[in-house]
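J.: Take this structure, written in structure tokens, and hold onto it; I'll ask about it next.
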Amino acid sequence: MTREAIILRLVHEAIDVVNEGLPPGAALEKTPEVTLFGADGRLDSLGLVELLAETEVRLEEEFSVSLSLVNDKALSQRNSPFRSIDSLVTYVAAVLATEAPVGEAG
Amino acid sequence: MSNRIILITGSRKGIGRHLAETFARRGWHTYGCSRQPSDLQDEHYTHVCLDVADEPAVKRLFRQIRTRHGRLDALVNNAGVASMNLAMTTPVATLERVLRTNVVGTFLFSREAVKLMRPQQNGRIVNFSTIAVPLKLEGESAYVASKAAVEAMTSVLAKEYATYGVTVNTIGPPPIDTDLIRGIPPENLAARVLARLAFPRFGEPEDITHVLDFLLSERAGMMTGQTLYYGGV
């Protein structure tokens with residue numbers, strides 16, 4: 001499985017968690033083109049925060065890294081990395097490429 | 001034997017040490033941290049050496065708790081440093097050091113804690129301020145500014161985290177006999193601080209535990225965004 005495929009699986013898991021909190025009929029489809037955030041986005045800011053927090057947790061577990069997906073650079077990009085599942089996966093792969101694995105505390 | 005998980009920052013000495021001993025003795029899975037190692041020996045206590053403002057180290061600690069327990073019930077942001085110095089002679093480096101531990105540390109731990117508390121839709125975060133804030137104590141501008149920031153942050157986090165059933169409160173202790181105030185001449189404490197309280201006396205660590213017990217209890221589920229001062233300030 002490629003790294004992108006693993007990231008996609010983790011993002012899908014995070015979406016499952018977010019969907020649990022959404023009203024019936026409002027669940028996010030796990031399709032690459034679904035608009036997550038921004039104009040016509042399906043998530044409000046709180047929903048996006050939840051999705052990113054759930055994604056971060058899974059990435060840290062899977063890849064043994066410590067990372068933050070939200071930073072000033074991500075928020076200021078002309079094309080938001082959070083607009084779709086596709087763009088999110090691409091963005092996460094880029095962030096991961098700059099992170100070194102970490103050991104366990106204690 | 002409790003299955004509850006508590007994390008207490010600055011747990012090597014002072015109030016943090018007292019709280020770590022108390023909760024470990026009660027059987028809570030108690031995690032503590034400080035820059036230096038702790039000599040607290042208890043089967044329920046785990047100590048991690050870190051700087052509370054060191055983001056990667058803090059995230060590793062939370063990852064450890066997540067891996068072992070998958071949850072966190074309570075966070076006590078006790079770690080704090082003070083600086084007793086008139087503003088005119090306080091170096092910027094001192095201000096930055098105080099803000100880093102007291103404000104950045106509290107922010108960072110709270111942010112990571114709520115991620116662990118959110119799935120259970122329940123959690124308690126308790127921050128530490130001081131009566132020096134309402135007293136607007138001369139000679140403590142850096143410390144008071146940092147704790148005022150903690151109080152303001154508490155109010156905002158309380159609103160953000162209510163969605164997840166997590167309460168955030170701050171307690172503002174009176175002087176307690178710990179290293180934090182040991183450098184202050186007793187006559188200064190008596191005249192400048194204690195004399196301005198309705199109960200002009202030192203606090204005891206147990207005073208902190210009692211209020212903490214309430215804030216951590218189920219009964220305090222509607223109590224959030226508040227700062228509770230001691231002594232009748």
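The chains in the structure tokens are called A, B, ... from first to last as shown; in each chain the residues are counted from 1, and the ligands are counted from 1 in the order shown.
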If we count only C-alpha atoms, which residues of chain A reach to within 12 Å of chain B? Please list them as an MDAnalysis selection string.
T.: chainID A and resid 14 17:18 20:21 45:47 49:62 64:68 99:106
J.: Keeping only N, CA, C and O atoms, write the selected residues as a tab-separated table (two decimals), in the first residue's frame.
T.:
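Written file, again28.tsv:
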```
chain	number	residue	atom	x	y	z
A	14	ALA	N	-11.19	9.13	9.78
A	14	ALA	CA	-11.50	10.39	10.47
A	14	ALA	C	-12.89	10.91	10.05
A	14	ALA	O	-13.66	11.41	10.87
A	17	VAL	N	-15.65	9.24	11.89
A	17	VAL	CA	-15.87	9.78	13.24
A	17	VAL	C	-16.66	11.09	13.15
A	17	VAL	O	-17.61	11.32	13.91
A	18	VAL	N	-16.27	11.96	12.22
A	18	VAL	CA	-16.96	13.24	12.06
A	18	VAL	C	-18.43	12.99	11.68
A	18	VAL	O	-19.34	13.66	12.18
A	20	GLU	N	-20.34	10.68	12.53
A	20	GLU	CA	-21.15	10.26	13.68
A	20	GLU	C	-21.82	11.46	14.36
A	20	GLU	O	-22.88	11.33	14.95
A	21	GLY	N	-21.16	12.62	14.25
A	21	GLY	CA	-21.69	13.81	14.92
A	21	GLY	C	-22.56	14.67	14.02
A	21	GLY	O	-23.08	15.69	14.46
A	45	SER	N	-16.41	25.41	10.30
A	45	SER	CA	-15.05	25.46	10.84
A	45	SER	C	-14.86	24.45	11.95
A	45	SER	O	-13.78	23.84	12.08
A	46	LEU	N	-15.90	24.25	12.76
A	46	LEU	CA	-15.79	23.27	13.85
A	46	LEU	C	-15.66	21.85	13.28
A	46	LEU	O	-14.86	21.04	13.77
A	47	GLY	N	-16.41	21.58	12.24
A	47	GLY	CA	-16.33	20.27	11.60
A	47	GLY	C	-14.96	20.03	11.01
A	47	GLY	O	-14.40	18.92	11.11
A	49	VAL	N	-12.15	21.39	12.05
A	49	VAL	CA	-11.23	21.17	13.18
A	49	VAL	C	-11.31	19.73	13.66
A	49	VAL	O	-10.29	19.08	13.93
A	50	GLU	N	-12.52	19.21	13.75
A	50	GLU	CA	-12.69	17.82	14.19
A	50	GLU	C	-12.05	16.84	13.21
A	50	GLU	O	-11.37	15.90	13.61
A	51	LEU	N	-12.29	17.10	11.95
A	51	LEU	CA	-11.71	16.21	10.92
A	51	LEU	C	-10.18	16.22	10.99
A	51	LEU	O	-9.54	15.17	10.96
A	52	LEU	N	-9.61	17.42	11.12
A	52	LEU	CA	-8.15	17.52	11.14
A	52	LEU	C	-7.58	16.92	12.43
A	52	LEU	O	-6.54	16.26	12.40
A	53	ALA	N	-8.28	17.14	13.55
A	53	ALA	CA	-7.80	16.56	14.82
A	53	ALA	C	-7.82	15.04	14.75
A	53	ALA	O	-6.87	14.37	15.17
A	54	GLU	N	-8.91	14.49	14.22
A	54	GLU	CA	-9.01	13.03	14.11
A	54	GLU	C	-7.96	12.49	13.13
A	54	GLU	O	-7.40	11.41	13.33
A	55	THR	N	-7.71	13.24	12.07
A	55	THR	CA	-6.70	12.82	11.09
A	55	THR	C	-5.31	12.86	11.71
A	55	THR	O	-4.51	11.93	11.55
A	56	GLU	N	-5.02	13.94	12.44
A	56	GLU	CA	-3.70	14.07	13.09
A	56	GLU	C	-3.41	12.89	14.01
A	56	GLU	O	-2.32	12.31	14.00
A	57	VAL	N	-4.41	12.55	14.81
A	57	VAL	CA	-4.24	11.45	15.77
A	57	VAL	C	-3.85	10.17	15.04
A	57	VAL	O	-2.93	9.45	15.44
A	58	ARG	N	-4.56	9.90	13.97
A	58	ARG	CA	-4.31	8.66	13.22
A	58	ARG	C	-2.96	8.68	12.52
A	58	ARG	O	-2.26	7.67	12.45
A	59	LEU	N	-2.59	9.84	12.00
A	59	LEU	CA	-1.28	9.96	11.34
A	59	LEU	C	-0.16	9.73	12.34
A	59	LEU	O	0.84	9.07	12.05
A	60	GLU	N	-0.34	10.31	13.54
A	60	GLU	CA	0.71	10.18	14.56
A	60	GLU	C	0.87	8.72	14.98
A	60	GLU	O	1.98	8.26	15.26
A	61	GLU	N	-0.25	8.02	15.06
A	61	GLU	CA	-0.19	6.60	15.43
A	61	GLU	C	0.46	5.79	14.31
A	61	GLU	O	1.34	4.97	14.55
A	62	GLU	N	0.01	6.02	13.10
A	62	GLU	CA	0.44	5.20	11.96
A	62	GLU	C	1.92	5.42	11.61
A	62	GLU	O	2.65	4.48	11.34
A	64	SER	N	4.20	7.28	13.51
A	64	SER	CA	5.08	7.62	14.65
A	64	SER	C	5.72	9.00	14.46
A	64	SER	O	6.94	9.16	14.55
A	65	VAL	N	4.89	9.96	14.19
A	65	VAL	CA	5.38	11.34	14.03
A	65	VAL	C	4.58	12.25	14.96
A	65	VAL	O	3.55	11.86	15.50
A	66	SER	N	5.09	13.45	15.12
A	66	SER	CA	4.37	14.48	15.84
A	66	SER	C	4.14	15.61	14.86
A	66	SER	O	5.12	16.17	14.33
A	67	LEU	N	2.90	15.91	14.55
A	67	LEU	CA	2.68	16.94	13.53
A	67	LEU	C	1.43	17.77	13.81
A	67	LEU	O	0.56	17.37	14.58
A	68	SER	N	1.40	18.92	13.21
A	68	SER	CA	0.21	19.79	13.25
A	68	SER	C	-0.16	20.13	11.81
A	68	SER	O	0.67	20.67	11.07
A	99	GLU	N	8.56	15.45	8.23
A	99	GLU	CA	8.56	15.04	9.64
A	99	GLU	C	9.43	13.81	9.85
A	99	GLU	O	9.39	12.87	9.07
A	100	ALA	N	10.19	13.83	10.95
A	100	ALA	CA	10.98	12.66	11.32
A	100	ALA	C	10.20	11.86	12.36
A	100	ALA	O	9.50	12.44	13.18
A	101	PRO	N	10.31	10.53	12.34
A	101	PRO	CA	9.64	9.73	13.36
A	101	PRO	C	10.14	10.12	14.75
A	101	PRO	O	11.27	10.55	14.91
A	102	VAL	N	9.28	9.96	15.74
A	102	VAL	CA	9.65	10.30	17.11
A	102	VAL	C	9.58	9.07	17.99
A	102	VAL	O	8.84	8.13	17.71
A	103	GLY	N	10.33	9.10	19.09
A	103	GLY	CA	10.28	8.00	20.07
A	103	GLY	C	9.18	8.26	21.08
A	103	GLY	O	8.51	9.28	21.05
A	104	GLU	N	9.03	7.31	22.01
A	104	GLU	CA	8.00	7.45	23.05
A	104	GLU	C	8.58	8.15	24.26
A	104	GLU	O	9.72	7.93	24.62
A	105	ALA	N	7.76	9.00	24.88
A	105	ALA	CA	8.21	9.69	26.08
A	105	ALA	C	8.20	8.75	27.27
A	105	ALA	O	7.52	7.75	27.28
A	106	GLY	N	8.93	9.14	28.30
A	106	GLY	CA	8.83	8.45	29.58
A	106	GLY	C	9.77	7.30	29.76
A	106	GLY	O	10.47	6.87	28.94
```
J.: Enumerate as a VMD selection string all residues of segment 1-168 of chain B assigned to helix (DSSP H, G or I) by DSSP on the backbone, naming them with the chain letters and numbers the document uses.
T.: chain B and resid 14 to 25 55 to 69 87 to 89 92 to 120 132 to 135 141 to 162
J.: As an exercise, work out the distance from atom CA of Ala162 of chain B to atom CA of Leu69 of chain A in Å and give it to one decimal place.
T.: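 That distance, rounded to one decimal, is 22.9 Å.
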J.: When you look at Ile131 of chain B with a cut-off of 7 Å (counting only C-alpha atoms), what residues show up, excluding the ones that are within fewer than 4 positions of it in the same chain? I need them as a ChimeraX atom specification.
T.: /B:135,172-174,229,233
J.: Which value, in Å to one decimal, gives the distance between atom CA of Ser84 of chain A and atom CA of Arg111 of chain B?
T.: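 That distance, rounded to one decimal, is 25.0 Å.
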J.: Could you pull out the strand (DSSP E or B) residues of segment 32-111 of chain B, going by DSSP on the backbone, and write them as a list in words?
T.: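 Those residues are Gly32, Cys33, Ser34, Tyr45, Thr46, His47, Val48, Cys49, Ala74, Leu75, Val76, Asn77 and Asn85 of chain B.
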J.: For Leu75 of chain A, which of A:Ala27, A:Leu22, A:Phe37, A:Arg9 is the closest residue, counting only C-alpha atoms?
T.: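 Selected residue with least distance to Leu75 of chain A: A:Phe37.
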J.: Segment 6-8 of chain A: which residues within 9 Å, counting only C-alpha atoms, same-chain residues fewer than 2 positions away excluded, as a list in words?
T.: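 After dropping sequence-adjacent residues, the list is Met1, Thr2, Arg3, Glu4, Leu10, Val11, His12, Glu13, Thr55, Arg58, Leu59, Glu62, Ile85, Asp86, Leu88, Val89, Thr90, Val92 and Ala93 of chain A.
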J.: List the neighbours of Leu99 of chain B out to 12 Å using only C-alpha atoms; skip same-chain residues closer than 4 positions along the sequence, and give me the result as a list in words.
T.: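 Near neighbours after the sequence-gap exclusion: Val52, Ala53, Ala79, Gly80, Val81, Ala82, Ser83, Val92, Ala93, Thr94, Leu95, Val103, Val104, Gly105, Thr106, Phe107, Ser141, Ala142, Tyr143, Val144, Ala145, Ser146, Lys147, Ala148, Ala149 and Val150 of chain B.
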J.: Now that the selection is made, can you save its residues with C-alpha atoms as a PDB file, in the first residue's frame?
T.:
```
ATOM      1  CA  VAL B  52       5.815  22.085  29.208  1.00  0.00           C
ATOM      2  CA  ALA B  53       6.275  24.415  26.238  1.00  0.00           C
ATOM      3  CA  ALA B  79       3.334  24.074  36.169  1.00  0.00           C
ATOM      4  CA  GLY B  80       4.291  27.670  36.612  1.00  0.00           C
ATOM      5  CA  VAL B  81       7.190  29.986  37.168  1.00  0.00           C
ATOM      6  CA  ALA B  82       7.176  33.382  38.835  1.00  0.00           C
ATOM      7  CA  SER B  83       9.371  36.407  38.628  1.00  0.00           C
ATOM      8  CA  VAL B  92      12.666  40.649  28.331  1.00  0.00           C
ATOM      9  CA  ALA B  93      14.192  37.176  28.554  1.00  0.00           C
ATOM     10  CA  THR B  94      12.525  36.779  31.957  1.00  0.00           C
ATOM     11  CA  LEU B  95       9.163  37.873  30.598  1.00  0.00           C
ATOM     12  CA  VAL B 103       0.852  30.584  28.936  1.00  0.00           C
ATOM     13  CA  VAL B 104       2.312  28.440  26.165  1.00  0.00           C
ATOM     14  CA  GLY B 105       2.478  25.389  28.442  1.00  0.00           C
ATOM     15  CA  THR B 106      -1.129  25.753  29.549  1.00  0.00           C
ATOM     16  CA  PHE B 107      -2.293  26.300  25.978  1.00  0.00           C
ATOM     17  CA  SER B 141       4.214  42.331  36.187  1.00  0.00           C
ATOM     18  CA  ALA B 142       5.512  39.356  34.177  1.00  0.00           C
ATOM     19  CA  TYR B 143       3.892  36.785  36.449  1.00  0.00           C
ATOM     20  CA  VAL B 144       0.588  38.652  36.721  1.00  0.00           C
ATOM     21  CA  ALA B 145       0.456  39.257  32.966  1.00  0.00           C
ATOM     22  CA  SER B 146       1.007  35.557  32.308  1.00  0.00           C
ATOM     23  CA  LYS B 147      -1.672  34.489  34.753  1.00  0.00           C
ATOM     24  CA  ALA B 148      -4.133  37.088  33.457  1.00  0.00           C
ATOM     25  CA  ALA B 149      -3.561  35.504  30.069  1.00  0.00           C
ATOM     26  CA  VAL B 150      -4.321  32.090  31.554  1.00  0.00           C
TER      27      VAL B 150
END
```
J.: Just give me the gap between atom CA of Asp73 of chain B and atom CA of Lys159 of chain B in Å, one decimal is fine.
T.: 18.3 Å
J.: Which residues come within 9 Å of Gly203 of chain B, counting only C-alpha atoms, excluding same-chain residues fewer than 4 positions away, as a list of chain:residue names?
T.: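 My list of contacting residues is B:Pro173, B:Pro174, B:Pro175, B:Ile176, B:Asp177, B:Asp207, B:Ile208, B:Tyr230, B:Gly231.
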